[in-house]
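**Student:** Data: coords08.pdb, PDB, C-alpha atoms, pLDDT in the B column.
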ATOM      1  CA  MET A   1     121.296 124.534 119.305  1.00 55.00           C
ATOM      2  CA  SER A   2     120.348 121.326 117.527  1.00 64.00           C
ATOM      3  CA  ASP A   3     118.121 118.847 119.348  1.00 77.00           C
ATOM      4  CA  ARG A   4     119.900 115.477 119.176  1.00 88.00           C
ATOM      5  CA  THR A   5     117.136 113.486 120.824  1.00 94.00           C
ATOM      6  CA  PRO A   6     115.505 110.888 118.560  1.00 94.00           C
ATOM      7  CA  ALA A   7     112.429 113.103 118.367  1.00 95.00           C
ATOM      8  CA  GLY A   8     114.518 116.118 117.393  1.00 96.00           C
ATOM      9  CA  GLN A   9     116.438 114.110 114.817  1.00 95.00           C
ATOM     10  CA  PHE A  10     113.205 112.890 113.259  1.00 96.00           C
ATOM     11  CA  PHE A  11     111.809 116.406 113.018  1.00 96.00           C
ATOM     12  CA  ASP A  12     115.076 117.553 111.437  1.00 96.00           C
ATOM     13  CA  ALA A  13     114.941 114.712 108.906  1.00 96.00           C
ATOM     14  CA  ALA A  14     111.298 115.413 108.037  1.00 97.00           C
ATOM     15  CA  ILE A  15     111.942 119.142 107.681  1.00 97.00           C
ATOM     16  CA  THR A  16     114.930 118.487 105.426  1.00 97.00           C
ATOM     17  CA  LEU A  17     112.814 116.228 103.212  1.00 98.00           C
ATOM     18  CA  LEU A  18     110.030 118.805 103.060  1.00 98.00           C
ATOM     19  CA  GLN A  19     112.510 121.483 102.048  1.00 98.00           C
ATOM     20  CA  ARG A  20     113.896 119.204  99.342  1.00 98.00           C
ATOM     21  CA  VAL A  21     110.519 118.427  97.804  1.00 98.00           C
ATOM     22  CA  ARG A  22     109.523 122.097  98.042  1.00 98.00           C
ATOM     23  CA  ASP A  23     112.610 123.156  96.100  1.00 98.00           C
ATOM     24  CA  GLU A  24     113.269 120.185  93.812  1.00 98.00           C
ATOM     25  CA  GLU A  25     109.678 119.209  92.965  1.00 98.00           C
ATOM     26  CA  ALA A  26     108.258 122.710  92.453  1.00 98.00           C
ATOM     27  CA  ASP A  27     107.832 122.261  88.694  1.00 98.00           C
ATOM     28  CA  SER A  28     106.201 118.848  89.136  1.00 98.00           C
ATOM     29  CA  VAL A  29     103.848 120.183  91.814  1.00 98.00           C
ATOM     30  CA  GLN A  30     102.834 122.989  89.460  1.00 98.00           C
ATOM     31  CA  ALA A  31     102.314 120.517  86.618  1.00 98.00           C
ATOM     32  CA  ALA A  32     100.247 118.187  88.797  1.00 98.00           C
ATOM     33  CA  GLY A  33      98.115 121.026  90.144  1.00 98.00           C
ATOM     34  CA  THR A  34      97.559 122.332  86.633  1.00 98.00           C
ATOM     35  CA  LEU A  35      96.575 118.854  85.439  1.00 98.00           C
ATOM     36  CA  LEU A  36      93.939 118.622  88.179  1.00 98.00           C
ATOM     37  CA  ALA A  37      92.686 122.120  87.435  1.00 98.00           C
ATOM     38  CA  ASP A  38      92.422 121.265  83.736  1.00 98.00           C
ATOM     39  CA  THR A  39      90.455 118.128  84.618  1.00 98.00           C
ATOM     40  CA  VAL A  40      88.016 120.035  86.827  1.00 98.00           C
ATOM     41  CA  ALA A  41      87.568 122.795  84.236  1.00 98.00           C
ATOM     42  CA  ASP A  42      86.921 120.232  81.495  1.00 97.00           C
ATOM     43  CA  GLY A  43      84.228 118.416  83.474  1.00 97.00           C
ATOM     44  CA  GLY A  44      86.369 115.481  84.582  1.00 97.00           C
ATOM     45  CA  ARG A  45      86.447 113.754  87.928  1.00 97.00           C
ATOM     46  CA  LEU A  46      89.363 113.309  90.344  1.00 98.00           C
ATOM     47  CA  PHE A  47      90.427 110.089  92.058  1.00 98.00           C
ATOM     48  CA  ALA A  48      93.224 109.074  94.423  1.00 98.00           C
ATOM     49  CA  PHE A  49      94.577 105.623  95.239  1.00 96.00           C
ATOM     50  CA  GLY A  50      97.182 104.282  97.591  1.00 94.00           C
ATOM     51  CA  ALA A  51      97.791 100.837  99.026  1.00 89.00           C
ATOM     52  CA  GLY A  52      98.582 100.181 102.674  1.00 87.00           C
ATOM     53  CA  HIS A  53     100.127 103.189 104.373  1.00 90.00           C
ATOM     54  CA  SER A  54     100.279 104.990 101.030  1.00 93.00           C
ATOM     55  CA  SER A  55      96.499 105.113 101.293  1.00 93.00           C
ATOM     56  CA  LEU A  56      96.797 107.516 104.223  1.00 94.00           C
ATOM     57  CA  ALA A  57      97.921 110.335 101.922  1.00 96.00           C
ATOM     58  CA  ALA A  58      95.153 109.462  99.454  1.00 96.00           C
ATOM     59  CA  GLN A  59      92.513 109.572 102.186  1.00 95.00           C
ATOM     60  CA  ASP A  60      93.892 112.899 103.393  1.00 96.00           C
ATOM     61  CA  VAL A  61      92.732 114.658 100.206  1.00 97.00           C
ATOM     62  CA  VAL A  62      89.259 113.064 100.065  1.00 97.00           C
ATOM     63  CA  TYR A  63      86.218 114.710 101.735  1.00 96.00           C
ATOM     64  CA  ARG A  64      88.645 117.131 103.361  1.00 95.00           C
ATOM     65  CA  ALA A  65      87.894 120.510 104.881  1.00 96.00           C
ATOM     66  CA  GLY A  66      89.813 122.999 102.760  1.00 97.00           C
ATOM     67  CA  GLY A  67      90.202 120.409 100.010  1.00 97.00           C
ATOM     68  CA  LEU A  68      88.718 119.842  96.582  1.00 97.00           C
ATOM     69  CA  ALA A  69      85.289 118.259  96.857  1.00 97.00           C
ATOM     70  CA  LEU A  70      85.778 116.373  93.591  1.00 97.00           C
ATOM     71  CA  MET A  71      88.618 114.185  94.871  1.00 98.00           C
ATOM     72  CA  ASN A  72      87.304 110.643  95.299  1.00 97.00           C
ATOM     73  CA  LEU A  73      89.007 107.638  96.891  1.00 96.00           C
ATOM     74  CA  LEU A  74      89.527 104.710  94.535  1.00 95.00           C
ATOM     75  CA  THR A  75      89.330 101.680  96.790  1.00 88.00           C
ATOM     76  CA  VAL A  76      90.566  98.136  96.424  1.00 86.00           C
ATOM     77  CA  PRO A  77      89.092  95.820  99.079  1.00 84.00           C
ATOM     78  CA  GLY A  78      91.779  94.563 101.427  1.00 83.00           C
ATOM     79  CA  VAL A  79      94.326  97.134 100.302  1.00 86.00           C
ATOM     80  CA  VAL A  80      93.100 100.482 101.611  1.00 80.00           C
ATOM     81  CA  GLY A  81      94.436 100.158 105.167  1.00 76.00           C
ATOM     82  CA  VAL A  82      95.536  97.989 108.038  1.00 77.00           C
ATOM     83  CA  ASP A  83      91.968  97.312 109.161  1.00 76.00           C
ATOM     84  CA  VAL A  84      91.912  94.152 107.020  1.00 79.00           C
ATOM     85  CA  MET A  85      92.840  90.978 108.874  1.00 83.00           C
ATOM     86  CA  PRO A  86      95.497  89.803 108.608  1.00 88.00           C
ATOM     87  CA  ALA A  87      97.165  93.152 107.866  1.00 84.00           C
ATOM     88  CA  THR A  88      99.725  91.342 105.704  1.00 87.00           C
ATOM     89  CA  LEU A  89      96.979  90.500 103.193  1.00 83.00           C
ATOM     90  CA  GLY A  90      97.143  94.021 101.826  1.00 82.00           C
ATOM     91  CA  SER A  91     100.838  93.668 101.056  1.00 85.00           C
ATOM     92  CA  ALA A  92     100.176  90.363  99.307  1.00 86.00           C
ATOM     93  CA  LEU A  93      97.359  91.814  97.192  1.00 84.00           C
ATOM     94  CA  GLU A  94      99.671  94.556  95.917  1.00 83.00           C
ATOM     95  CA  ARG A  95     101.658  91.836  94.129  1.00 85.00           C
ATOM     96  CA  VAL A  96      98.670  90.194  92.407  1.00 81.00           C
ATOM     97  CA  ASP A  97      98.689  90.563  88.623  1.00 85.00           C
ATOM     98  CA  GLY A  98      95.363  91.524  87.039  1.00 86.00           C
ATOM     99  CA  LEU A  99      93.765  93.003  90.158  1.00 89.00           C
ATOM    100  CA  ALA A 100      94.178  96.635  89.089  1.00 90.00           C
ATOM    101  CA  SER A 101      92.533  96.039  85.729  1.00 93.00           C
ATOM    102  CA  VAL A 102      89.498  94.454  87.364  1.00 93.00           C
ATOM    103  CA  VAL A 103      89.228  97.346  89.806  1.00 92.00           C
ATOM    104  CA  LEU A 104      89.373  99.983  87.094  1.00 94.00           C
ATOM    105  CA  GLU A 105      86.941  98.171  84.827  1.00 92.00           C
ATOM    106  CA  THR A 106      84.340  98.165  87.615  1.00 92.00           C
ATOM    107  CA  SER A 107      85.067 101.705  88.858  1.00 94.00           C
ATOM    108  CA  PRO A 108      83.504 105.029  87.768  1.00 95.00           C
ATOM    109  CA  LEU A 109      86.763 106.129  86.100  1.00 96.00           C
ATOM    110  CA  ARG A 110      86.408 107.200  82.489  1.00 96.00           C
ATOM    111  CA  SER A 111      88.343 109.027  79.820  1.00 97.00           C
ATOM    112  CA  GLY A 112      89.056 112.614  80.819  1.00 97.00           C
ATOM    113  CA  ASP A 113      89.351 111.887  84.533  1.00 98.00           C
ATOM    114  CA  ALA A 114      92.530 112.204  86.597  1.00 98.00           C
ATOM    115  CA  LEU A 115      93.950 109.594  88.961  1.00 98.00           C
ATOM    116  CA  VAL A 116      96.594 110.161  91.642  1.00 98.00           C
ATOM    117  CA  ILE A 117      98.433 106.921  92.431  1.00 98.00           C
ATOM    118  CA  ILE A 118     100.569 106.851  95.561  1.00 97.00           C
ATOM    119  CA  SER A 119     103.144 104.099  95.999  1.00 95.00           C
ATOM    120  CA  LEU A 120     106.350 104.627  97.908  1.00 94.00           C
ATOM    121  CA  SER A 121     108.321 101.951  96.073  1.00 93.00           C
ATOM    122  CA  GLY A 122     106.325 102.012  92.846  1.00 92.00           C
ATOM    123  CA  ARG A 123     107.531  98.475  92.215  1.00 93.00           C
ATOM    124  CA  ASN A 124     104.499  96.309  92.947  1.00 91.00           C
ATOM    125  CA  ALA A 125     102.139  94.966  90.305  1.00 92.00           C
ATOM    126  CA  LEU A 126      99.062  96.832  91.585  1.00 93.00           C
ATOM    127  CA  PRO A 127     100.202 100.474  91.200  1.00 94.00           C
ATOM    128  CA  VAL A 128     102.138  99.780  87.989  1.00 96.00           C
ATOM    129  CA  GLU A 129      99.235  97.985  86.339  1.00 95.00           C
ATOM    130  CA  MET A 130      96.782 100.590  87.606  1.00 96.00           C
ATOM    131  CA  ALA A 131      98.759 103.391  85.970  1.00 97.00           C
ATOM    132  CA  MET A 132      99.111 101.481  82.703  1.00 97.00           C
ATOM    133  CA  LYS A 133      95.430 100.510  82.568  1.00 96.00           C
ATOM    134  CA  ALA A 134      94.210 103.976  83.562  1.00 97.00           C
ATOM    135  CA  ARG A 135      96.178 105.667  80.800  1.00 97.00           C
ATOM    136  CA  SER A 136      94.876 103.150  78.269  1.00 96.00           C
ATOM    137  CA  LEU A 137      91.367 104.260  79.280  1.00 96.00           C
ATOM    138  CA  GLY A 138      92.209 107.921  78.639  1.00 97.00           C
ATOM    139  CA  VAL A 139      92.733 108.794  82.298  1.00 98.00           C
ATOM    140  CA  ARG A 140      95.607 111.120  83.167  1.00 98.00           C
ATOM    141  CA  VAL A 141      97.849 109.815  85.930  1.00 98.00           C
ATOM    142  CA  ILE A 142      99.850 111.582  88.613  1.00 98.00           C
ATOM    143  CA  GLY A 143     102.289 109.287  90.402  1.00 98.00           C
ATOM    144  CA  VAL A 144     103.666 109.981  93.874  1.00 98.00           C
ATOM    145  CA  THR A 145     106.631 107.741  94.603  1.00 97.00           C
ATOM    146  CA  SER A 146     110.251 107.555  95.650  1.00 96.00           C
ATOM    147  CA  VAL A 147     112.161 107.426  92.387  1.00 96.00           C
ATOM    148  CA  ALA A 148     115.201 105.991  94.177  1.00 95.00           C
ATOM    149  CA  TYR A 149     113.495 102.601  94.408  1.00 93.00           C
ATOM    150  CA  ALA A 150     113.609 102.218  90.631  1.00 91.00           C
ATOM    151  CA  SER A 151     117.409 102.224  90.658  1.00 89.00           C
ATOM    152  CA  GLU A 152     117.918 100.111  93.781  1.00 89.00           C
ATOM    153  CA  THR A 153     115.172  97.472  93.669  1.00 93.00           C
ATOM    154  CA  THR A 154     113.672  95.045  91.177  1.00 91.00           C
ATOM    155  CA  SER A 155     110.215  95.637  89.729  1.00 92.00           C
ATOM    156  CA  ARG A 156     107.535  93.141  90.728  1.00 91.00           C
ATOM    157  CA  HIS A 157     105.494  93.800  87.587  1.00 91.00           C
ATOM    158  CA  VAL A 158     105.863  91.483  84.599  1.00 88.00           C
ATOM    159  CA  SER A 159     106.927  94.434  82.444  1.00 93.00           C
ATOM    160  CA  GLY A 160     109.905  95.166  84.654  1.00 90.00           C
ATOM    161  CA  THR A 161     108.749  98.787  84.926  1.00 95.00           C
ATOM    162  CA  TYR A 162     107.778 101.034  87.833  1.00 96.00           C
ATOM    163  CA  LEU A 163     104.940 103.423  88.601  1.00 97.00           C
ATOM    164  CA  LYS A 164     107.087 106.373  87.522  1.00 96.00           C
ATOM    165  CA  ASP A 165     107.289 104.939  83.995  1.00 96.00           C
ATOM    166  CA  HIS A 166     103.531 105.236  83.374  1.00 97.00           C
ATOM    167  CA  CYS A 167     102.568 108.696  84.626  1.00 98.00           C
ATOM    168  CA  ASP A 168     101.790 112.043  83.042  1.00 98.00           C
ATOM    169  CA  VAL A 169     103.398 113.727  86.056  1.00 98.00           C
ATOM    170  CA  VAL A 170     105.695 112.180  88.676  1.00 98.00           C
ATOM    171  CA  LEU A 171     106.176 113.612  92.157  1.00 98.00           C
ATOM    172  CA  ASP A 172     109.351 112.274  93.784  1.00 98.00           C
ATOM    173  CA  SER A 173     109.039 112.101  97.579  1.00 97.00           C
ATOM    174  CA  LYS A 174     112.821 111.679  97.973  1.00 97.00           C
ATOM    175  CA  ILE A 175     112.253 109.026 100.639  1.00 97.00           C
ATOM    176  CA  ALA A 176     115.252 106.719 101.103  1.00 95.00           C
ATOM    177  CA  ILE A 177     114.959 102.991 100.445  1.00 95.00           C
ATOM    178  CA  GLY A 178     113.282 101.347 103.433  1.00 94.00           C
ATOM    179  CA  ASP A 179     111.442 104.472 104.639  1.00 95.00           C
ATOM    180  CA  ALA A 180     113.219 104.858 107.989  1.00 95.00           C
ATOM    181  CA  GLU A 181     115.076 108.025 108.895  1.00 96.00           C
ATOM    182  CA  LEU A 182     116.882 107.085 112.119  1.00 95.00           C
ATOM    183  CA  THR A 183     119.443 104.544 113.282  1.00 94.00           C
ATOM    184  CA  LEU A 184     120.912 103.798 116.699  1.00 94.00           C
ATOM    185  CA  ASP A 185     123.694 101.420 117.665  1.00 93.00           C
ATOM    186  CA  THR A 186     121.388  99.936 120.276  1.00 95.00           C
ATOM    187  CA  ILE A 187     118.586  99.188 117.801  1.00 95.00           C
ATOM    188  CA  PRO A 188     119.189  96.518 115.123  1.00 96.00           C
ATOM    189  CA  ALA A 189     116.857  98.032 112.488  1.00 96.00           C
ATOM    190  CA  PRO A 190     116.379 101.557 111.100  1.00 95.00           C
ATOM    191  CA  PHE A 191     113.223 103.265 112.350  1.00 96.00           C
ATOM    192  CA  ALA A 192     111.001 106.385 112.172  1.00 97.00           C
ATOM    193  CA  PRO A 193     109.369 106.511 108.707  1.00 97.00           C
ATOM    194  CA  ALA A 194     108.659 109.911 107.128  1.00 97.00           C
ATOM    195  CA  SER A 195     106.892 108.981 103.900  1.00 97.00           C
ATOM    196  CA  THR A 196     103.401 109.847 105.155  1.00 97.00           C
ATOM    197  CA  VAL A 197     104.470 113.316 106.296  1.00 98.00           C
ATOM    198  CA  VAL A 198     106.199 114.112 103.013  1.00 98.00           C
ATOM    199  CA  THR A 199     103.664 112.523 100.675  1.00 98.00           C
ATOM    200  CA  SER A 200     100.726 114.223 102.390  1.00 98.00           C
ATOM    201  CA  ALA A 201     102.501 117.578 102.185  1.00 98.00           C
ATOM    202  CA  LEU A 202     103.242 117.054  98.491  1.00 98.00           C
ATOM    203  CA  LEU A 203      99.606 116.279  97.749  1.00 98.00           C
ATOM    204  CA  GLN A 204      98.294 119.214  99.754  1.00 98.00           C
ATOM    205  CA  ALA A 205     100.682 121.443  97.798  1.00 98.00           C
ATOM    206  CA  VAL A 206      99.214 120.031  94.593  1.00 98.00           C
ATOM    207  CA  MET A 207      95.657 120.642  95.837  1.00 98.00           C
ATOM    208  CA  ALA A 208      96.535 124.231  96.736  1.00 98.00           C
ATOM    209  CA  THR A 209      98.036 124.734  93.289  1.00 98.00           C
ATOM    210  CA  ALA A 210      94.941 123.300  91.611  1.00 98.00           C
ATOM    211  CA  ALA A 211      92.585 125.552  93.594  1.00 98.00           C
ATOM    212  CA  ALA A 212      94.642 128.670  92.882  1.00 98.00           C
ATOM    213  CA  THR A 213      94.954 127.768  89.200  1.00 98.00           C
ATOM    214  CA  LEU A 214      91.184 127.441  88.869  1.00 98.00           C
ATOM    215  CA  ALA A 215      90.684 130.769  90.610  1.00 98.00           C
ATOM    216  CA  ASP A 216      93.191 132.413  88.260  1.00 98.00           C
ATOM    217  CA  ARG A 217      90.977 131.263  85.382  1.00 98.00           C
ATOM    218  CA  GLY A 218      87.888 132.775  86.931  1.00 98.00           C
ATOM    219  CA  ILE A 219      86.528 129.396  88.069  1.00 97.00           C
ATOM    220  CA  GLU A 220      85.476 129.013  91.702  1.00 97.00           C
ATOM    221  CA  PRO A 221      87.307 125.917  92.957  1.00 97.00           C
ATOM    222  CA  PRO A 222      84.873 123.373  94.455  1.00 97.00           C
ATOM    223  CA  LEU A 223      86.254 123.481  97.992  1.00 98.00           C
ATOM    224  CA  LEU A 224      84.798 121.964 101.142  1.00 98.00           C
ATOM    225  CA  ARG A 225      84.584 123.778 104.465  1.00 97.00           C
ATOM    226  CA  SER A 226      84.801 122.323 107.946  1.00 97.00           C
ATOM    227  CA  GLY A 227      81.513 121.107 109.309  1.00 93.00           C
ATOM    228  CA  ASN A 228      82.669 122.429 112.680  1.00 95.00           C
ATOM    229  CA  VAL A 229      82.476 126.096 111.645  1.00 95.00           C
ATOM    230  CA  ASP A 230      79.206 127.981 111.425  1.00 96.00           C
ATOM    231  CA  GLY A 231      77.718 127.632 107.963  1.00 96.00           C
ATOM    232  CA  GLY A 232      80.024 124.775 107.009  1.00 96.00           C
ATOM    233  CA  HIS A 233      77.302 122.179 106.479  1.00 96.00           C
ATOM    234  CA  GLU A 234      75.271 124.577 104.355  1.00 96.00           C
ATOM    235  CA  TRP A 235      78.309 125.452 102.252  1.00 96.00           C
ATOM    236  CA  ASN A 236      79.155 121.799 101.686  1.00 96.00           C
ATOM    237  CA  GLY A 237      75.556 120.960 100.860  1.00 95.00           C
ATOM    238  CA  ARG A 238      75.625 123.523  98.057  1.00 96.00           C
ATOM    239  CA  VAL A 239      78.891 122.079  96.704  1.00 96.00           C
ATOM    240  CA  PHE A 240      77.572 118.512  96.900  1.00 96.00           C
ATOM    241  CA  GLU A 241      74.447 119.466  94.996  1.00 96.00           C
ATOM    242  CA  GLU A 242      76.303 121.409  92.307  1.00 96.00           C
ATOM    243  CA  TYR A 243      78.826 118.637  91.682  1.00 96.00           C
ATOM    244  CA  ARG A 244      76.776 115.579  92.625  1.00 94.00           C
ATOM    245  CA  ASP A 245      77.556 113.862  89.308  1.00 95.00           C
ATOM    246  CA  ARG A 246      81.300 114.054  90.042  1.00 96.00           C
ATOM    247  CA  ILE A 247      81.329 113.036  93.708  1.00 96.00           C
ATOM    248  CA  PHE A 248      81.150 109.330  94.586  1.00 94.00           C
ATOM    249  CA  TYR A 249      81.635 109.299  98.367  1.00 92.00           C
ATOM    250  CA  GLN A 250      78.370 111.140  99.018  1.00 75.00           C
ATOM    251  CA  TYR A 251      75.833 108.805  97.431  1.00 64.00           C
TER     252      TYR A 251
END
Let me see the file written as structure tokens.

**Tutor:**
Amino acid sequence: MSDRTPAGQFFDAAITLLQRVRDEEADSVQAAGTLLADTVADGGRLFAFGAGHSSLAAQDVVYRAGGLALMNLLTVPGVVGVDVMPATLGSALERVDGLASVVLETSPLRSGDALVIISLSGRNALPVEMAMKARSLGVRVIGVTSVAYASETTSRHVSGTYLKDHCDVVLDSKIAIGDAELTLDTIPAPFAPASTVVTSALLQAVMATAAATLADRGIEPPLLRSGNVDGGHEWNGRVFEEYRDRIFYQY
């Protein structure tokens, strides 16, 4: 029997979205995982970026037990999370032209690296410019976005384009415009966003694909273990030492 409580409805909506991305984005997940595996095998470094709440999914794959040790967080001051005051500053910075280019020019990113850019709408200047600039530097770009925004909103980048237009691989989160899954007659606005759940799951699927792809090639994937299991710190210390020139959150 279906649970029609708001909580039950949200779980149903999230599960439906997860099933959709599992089935409809399988080829893109494979392509993204292969791209990351290629980058690792070729000596490149991995980076992830997201602004505001999109940064949550980026942070979830950085310095993560069970995750790839080489995934680094590309940070933009004031944009990474809601800890900046006022919180609305982050939203404003996403619309500033030129910021992404400055960030990339002063970052460790170089040709041959891979960058995951997460932006639900994909319409703001920061993620669009970041993708364009990164590719011009020889960096391969994976975009995680809701493609629906490109047909129902106006781009805020001077080019009139969206994040999806400047990526080597695009992962479509299928999130509806506005990122709210529930409505009630007694509540004037839609509520209960699911983008973090879906985007994080998509990226973990990509990480799993990358690790398995490396293993299939006879390359031990540089995975981290939990520091809360016996031997975890020693394991991670070995990984940090072996890949110290490709990890930027450790030093």

**Student:** So the first atom is atom CA of A:Gln30 and the second is atom CA of A:Leu126; what is the distance between them in Å, to one decimal place?

**Tutor:**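 Calculated distance between atom CA of A:Gln30 and atom CA of A:Leu126 is 26.5 Å.
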
**Student:** I need the output of the PyMOL selection byres ((chain A and resi 93-106) around 8) for this file as a ChimeraX atom specification; which residues are they?

**Tutor:** /A:51,76,78-79,89-92,107-109,124-127,129-130,133-134,156-157

**Student:** List every residue of stretch 169-251 of chain A that has an atom at most 8 Å from any atom of stretch 6-19 of chain A, and for each one report the closest atom pair and its distance in Å to one decimal, counting all atoms listed in the file, with rows sorted by chain and then by increasing residue number, as CSV.

**Tutor:**
residue,atom,partner,partner_atom,distance
A:Ser173,CA,A:Leu17,CA,7.9
A:Lys174,CA,A:Leu17,CA,6.9
A:Ile175,CA,A:Leu17,CA,7.7
A:Glu181,CA,A:Ala13,CA,6.7
A:Leu182,CA,A:Phe10,CA,7.0
A:Ala192,CA,A:Phe10,CA,7.0
A:Ala194,CA,A:Ala14,CA,6.2
A:Val197,CA,A:Ala14,CA,7.4
A:Val198,CA,A:Leu18,CA,6.1
A:Ala201,CA,A:Leu18,CA,7.7

**Student:** Would you mind listing what lies within 10 Å of stretch 158-166 of chain A as an mmCIF file with C-alpha atoms, in the frame of the given file, with only C-alpha atoms counted and same-chain residues fewer than 5 positions away left out?

**Tutor:**
data_model
loop_
_atom_site.group_PDB
_atom_site.id
_atom_site.type_symbol
_atom_site.label_atom_id
_atom_site.label_comp_id
_atom_site.auth_asym_id
_atom_site.auth_seq_id
_atom_site.Cartn_x
_atom_site.Cartn_y
_atom_site.Cartn_z
ATOM 1 C CA ASP A 97 98.689 90.563 88.623
ATOM 2 C CA ILE A 117 98.433 106.921 92.431
ATOM 3 C CA ILE A 118 100.569 106.851 95.561
ATOM 4 C CA SER A 119 103.144 104.099 95.999
ATOM 5 C CA LEU A 120 106.350 104.627 97.908
ATOM 6 C CA SER A 121 108.321 101.951 96.073
ATOM 7 C CA GLY A 122 106.325 102.012 92.846
ATOM 8 C CA ARG A 123 107.531 98.475 92.215
ATOM 9 C CA ASN A 124 104.499 96.309 92.947
ATOM 10 C CA ALA A 125 102.139 94.966 90.305
ATOM 11 C CA LEU A 126 99.062 96.832 91.585
ATOM 12 C CA PRO A 127 100.202 100.474 91.200
ATOM 13 C CA VAL A 128 102.138 99.780 87.989
ATOM 14 C CA GLU A 129 99.235 97.985 86.339
ATOM 15 C CA MET A 130 96.782 100.590 87.606
ATOM 16 C CA ALA A 131 98.759 103.391 85.970
ATOM 17 C CA MET A 132 99.111 101.481 82.703
ATOM 18 C CA LYS A 133 95.430 100.510 82.568
ATOM 19 C CA ALA A 134 94.210 103.976 83.562
ATOM 20 C CA ARG A 135 96.178 105.667 80.800
ATOM 21 C CA ARG A 140 95.607 111.120 83.167
ATOM 22 C CA VAL A 141 97.849 109.815 85.930
ATOM 23 C CA ILE A 142 99.850 111.582 88.613
ATOM 24 C CA GLY A 143 102.289 109.287 90.402
ATOM 25 C CA VAL A 144 103.666 109.981 93.874
ATOM 26 C CA THR A 145 106.631 107.741 94.603
ATOM 27 C CA SER A 146 110.251 107.555 95.650
ATOM 28 C CA VAL A 147 112.161 107.426 92.387
ATOM 29 C CA TYR A 149 113.495 102.601 94.408
ATOM 30 C CA ALA A 150 113.609 102.218 90.631
ATOM 31 C CA LEU A 171 106.176 113.612 92.157
ATOM 32 C CA ASP A 172 109.351 112.274 93.784
#

**Student:** Just give me the gap between atom CA of A:Ser151 and atom CA of A:Phe191 in Å, one decimal is fine.

**Tutor:**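 These two atoms are separated by 22.1 Å.
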
**Student:** With distances taken over all atoms listed in the file, which of A:Asp113, A:Glu152, A:Asp60, A:Asp27 is nearest to A:Asp42?

**Tutor:**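 Under the stated criterion, the closest residue is A:Asp113.
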
**Student:** Which is closest to A:Asp168 among A:Leu115, A:Tyr243, A:Pro193, A:Asp23, if we use all atoms listed in the file?

**Tutor:**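 Of all the options, A:Leu115 lies closest to A:Asp168.
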
**Student:** Kindly compute an axis-aligned box around the listed atoms of stretch 177-196 of chain A, allowing 4 Å on each side, and express its centre and edge lengths in Å to one decimal as AutoDock Vina command-line options.

**Tutor:**
--center_x 113.5 --center_y 103.2 --center_z 110.4 --size_x 28.3 --size_y 21.4 --size_z 27.8

**Student:** Quote the spacing between atom CA of A:Val239 and atom CA of A:Glu220 in Å to one decimal place.

**Tutor:**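 Separation of atom CA of A:Val239 and atom CA of A:Glu220: 10.8 Å.
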
**Student:** Name the residues in contact with A:Ser226 at a cut-off of 12 Å, using all atoms listed in the file, excluding same-chain residues fewer than 6 positions from it; report them as a list of chain:residue names.

**Tutor:** A:Tyr63, A:Arg64, A:Ala65, A:Gly66, A:Gly67, A:Ala69, A:Gly232, A:His233, A:Glu234, A:Trp235, A:Asn236, A:Gly237

**Student:** So that I can see what lies close to A:Asn72, please list as a PyMOL selection string the residues with an atom at most 7 Å from it, counting all atoms listed in the file and leaving out residues fewer than 4 positions away in the same chain.

**Tutor:** chain A and resi 46-48+62+247-249

**Student:** May I have the residues at most 12 Å from (96.1, 121.8, 82.5) in the file's coordinates, counting only C-alpha atoms, as a list in words?

**Tutor:**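 Residues lying no farther than 12 Å from the given point: Gln30, Ala31, Ala32, Gly33, Thr34, Leu35, Leu36, Ala37, Asp38, Thr39, Val40, Ala41, Asp42, Gly44, Gly112, Ala114, Arg140, Asp168, Val169, Thr209, Ala210, Thr213, Leu214 and Arg217 of chain A.
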
**Student:** Taking only C-alpha atoms into account, name the residue in A:Ala212, A:Ser155, A:Arg110, A:Gly81 that is nearest to A:Ser136.

**Tutor:**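 Nearest candidate to A:Ser136 out of A:Ala212, A:Ser155, A:Arg110, A:Gly81: A:Arg110.
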